[in-house]
Amino acid sequence: AEDCGNSEVSEYVASLQKESYFCKSATLSGNKIADVILSQKSFMCRQKGIDFCFEHNNTDLGFVRDSDMCAILSNTLDNAIEAAQNSTEKCIYVRFYRSQSRGFCFLEVLNSCDKAPEKTGKGYKSIKQGRYHGVGLYSIRQTAEKYNGELITRYTEDKKFRTTVMLQDMSE
């Protein structure tokens with residue numbers, strides 16, 4: 001934002017950096033926006049007693065616009081945290097990886113979820129109250145499609161919810 005001369009965004013980010021979860025600089029994925037979001041959500045998980053694990057294999061996500069990374073990762077992790085905090089196991093596992101061919105990158109979140117969500121069409125019935133509930137998964141799906149990708153969700157028999165976002169790196 002500073003490089004582009006957007007002072008309003010720079011001021012907003014500066015105000016966020018005063019929060020306690022930004023006390024330490026963390027390089028988790030190598031993508032600045034992803035690292036900020038992962039740090040914030042990891043901190044939130046610790047506060048809520050949720051085990052948070054992150055794994056990546058030097059997956060370069062530099063081709064993903066910052067606003068798109070924010071939409072994908074924030075919405076996915078917000079949903080995961082909500083489900084995990086209301087579950088018995090209380091865990092979230094995040095993984096970034098790349099396919100061996102065709103330049104696809106994957107962002108995968110597996111979280112504990114004691115109760116299977118109710119399906120509705122391409123998504124799930126939101127348990128949130130308010131006007132904008134249910135927008136998160138729609139936003140993730142729309143963003144993935146911008147990168148010739150897709151959103152895949154699945155509830156597993158071992159009471160886990162898996163969200164996989166596939167994105168194609170067109171620069172390859």
# chains A, B, ... in the order shown; residues from 1 in each chain; ligands from 1
>>> residues_around(residues="A:Glu82", least_positions_apart="5", cutoff="10 Å", atoms="only C-alpha atoms", output="PDB file with N, CA and C atoms, in the first residue's frame")
ATOM      1  N   CYS A  45      -6.399 -18.566  17.743  1.00  0.00           N
ATOM      2  CA  CYS A  45      -6.572 -19.974  18.114  1.00  0.00           C
ATOM      3  C   CYS A  45      -5.982 -20.251  19.490  1.00  0.00           C
ATOM      4  N   LEU A  77     -10.264 -19.386   7.281  1.00  0.00           N
ATOM      5  CA  LEU A  77      -9.843 -19.560   8.682  1.00  0.00           C
ATOM      6  C   LEU A  77     -10.898 -19.068   9.664  1.00  0.00           C
ATOM      7  N   SER A  87     -16.093 -27.451  18.865  1.00  0.00           N
ATOM      8  CA  SER A  87     -15.919 -28.897  18.758  1.00  0.00           C
ATOM      9  C   SER A  87     -15.157 -29.435  19.964  1.00  0.00           C
ATOM     10  N   LYS A  90     -10.922 -29.452  18.913  1.00  0.00           N
ATOM     11  CA  LYS A  90     -10.365 -28.107  18.802  1.00  0.00           C
ATOM     12  C   LYS A  90      -9.011 -28.063  18.092  1.00  0.00           C
ATOM     13  N   ASN A 111     -10.241 -28.711   9.715  1.00  0.00           N
ATOM     14  CA  ASN A 111     -10.564 -28.321  11.093  1.00  0.00           C
ATOM     15  C   ASN A 111     -11.543 -29.304  11.730  1.00  0.00           C
ATOM     16  N   SER A 112     -11.461 -29.379  13.056  1.00  0.00           N
ATOM     17  CA  SER A 112     -12.413 -30.209  13.781  1.00  0.00           C
ATOM     18  C   SER A 112     -13.794 -29.569  13.669  1.00  0.00           C
ATOM     19  N   CYS A 113     -14.808 -30.436  13.621  1.00  0.00           N
ATOM     20  CA  CYS A 113     -16.181 -29.964  13.421  1.00  0.00           C
ATOM     21  C   CYS A 113     -17.102 -31.100  13.871  1.00  0.00           C
ATOM     22  N   LYS A 128     -24.626 -18.458  11.269  1.00  0.00           N
ATOM     23  CA  LYS A 128     -24.411 -17.086  11.727  1.00  0.00           C
ATOM     24  C   LYS A 128     -25.689 -16.279  11.564  1.00  0.00           C
TER      25      LYS A 128
END
>>> select_by_dssp(residues="stretch 43-153 of chain A", states="helix (DSSP H, G or I)", output="ChimeraX atom specification")
/A:43-48,66-85,135-146
>>> closest_atom_pairs(of="stretch 71-114 of chain A", to="stretch 46-56 of chain A", cutoff="7 Å", atoms="only C-alpha atoms", output="Markdown table")
| residue | atom | partner | partner_atom | distance |
| --- | --- | --- | --- | --- |
| A:Ala84 | CA | A:Ile50 | CA | 6.9 |
| A:Gln85 | CA | A:Ile50 | CA | 6.6 |
| A:Lys90 | CA | A:Ile50 | CA | 4.7 |
| A:Cys91 | CA | A:Asp51 | CA | 4.5 |
| A:Ile92 | CA | A:Phe52 | CA | 4.9 |
| A:Tyr93 | CA | A:Cys53 | CA | 4.8 |
| A:Val94 | CA | A:Phe54 | CA | 4.7 |
| A:Arg95 | CA | A:Glu55 | CA | 4.7 |
| A:Phe96 | CA | A:His56 | CA | 4.7 |
| A:Tyr97 | CA | A:His56 | CA | 6.0 |
>>> atom_distance(atom1="atom CA of A:Arg102", atom2="atom CA of A:Ala34")
22.7 Å
>>> residues_around(residues="A:Ile72", least_positions_apart="3", cutoff="12 Å", atoms="only C-alpha atoms", output="ChimeraX atom specification")
/A:33-34,37-38,64-69,75-79,106-109,135-147,150-151,163-167
>>> atom_distance(atom1="atom CA of A:Gly121", atom2="atom CA of A:Ser99")
28.4 Å
>>> residues_around(residues="A:Arg162", least_positions_apart="5", cutoff="6 Å", atoms="only C-alpha atoms", output="list of chain:residue names")
A:Val109, A:Leu110, A:Thr153, A:Arg154
>>> atom_distance(atom1="atom CA of A:Asn148", atom2="atom CA of A:Ser74")
20.1 Å
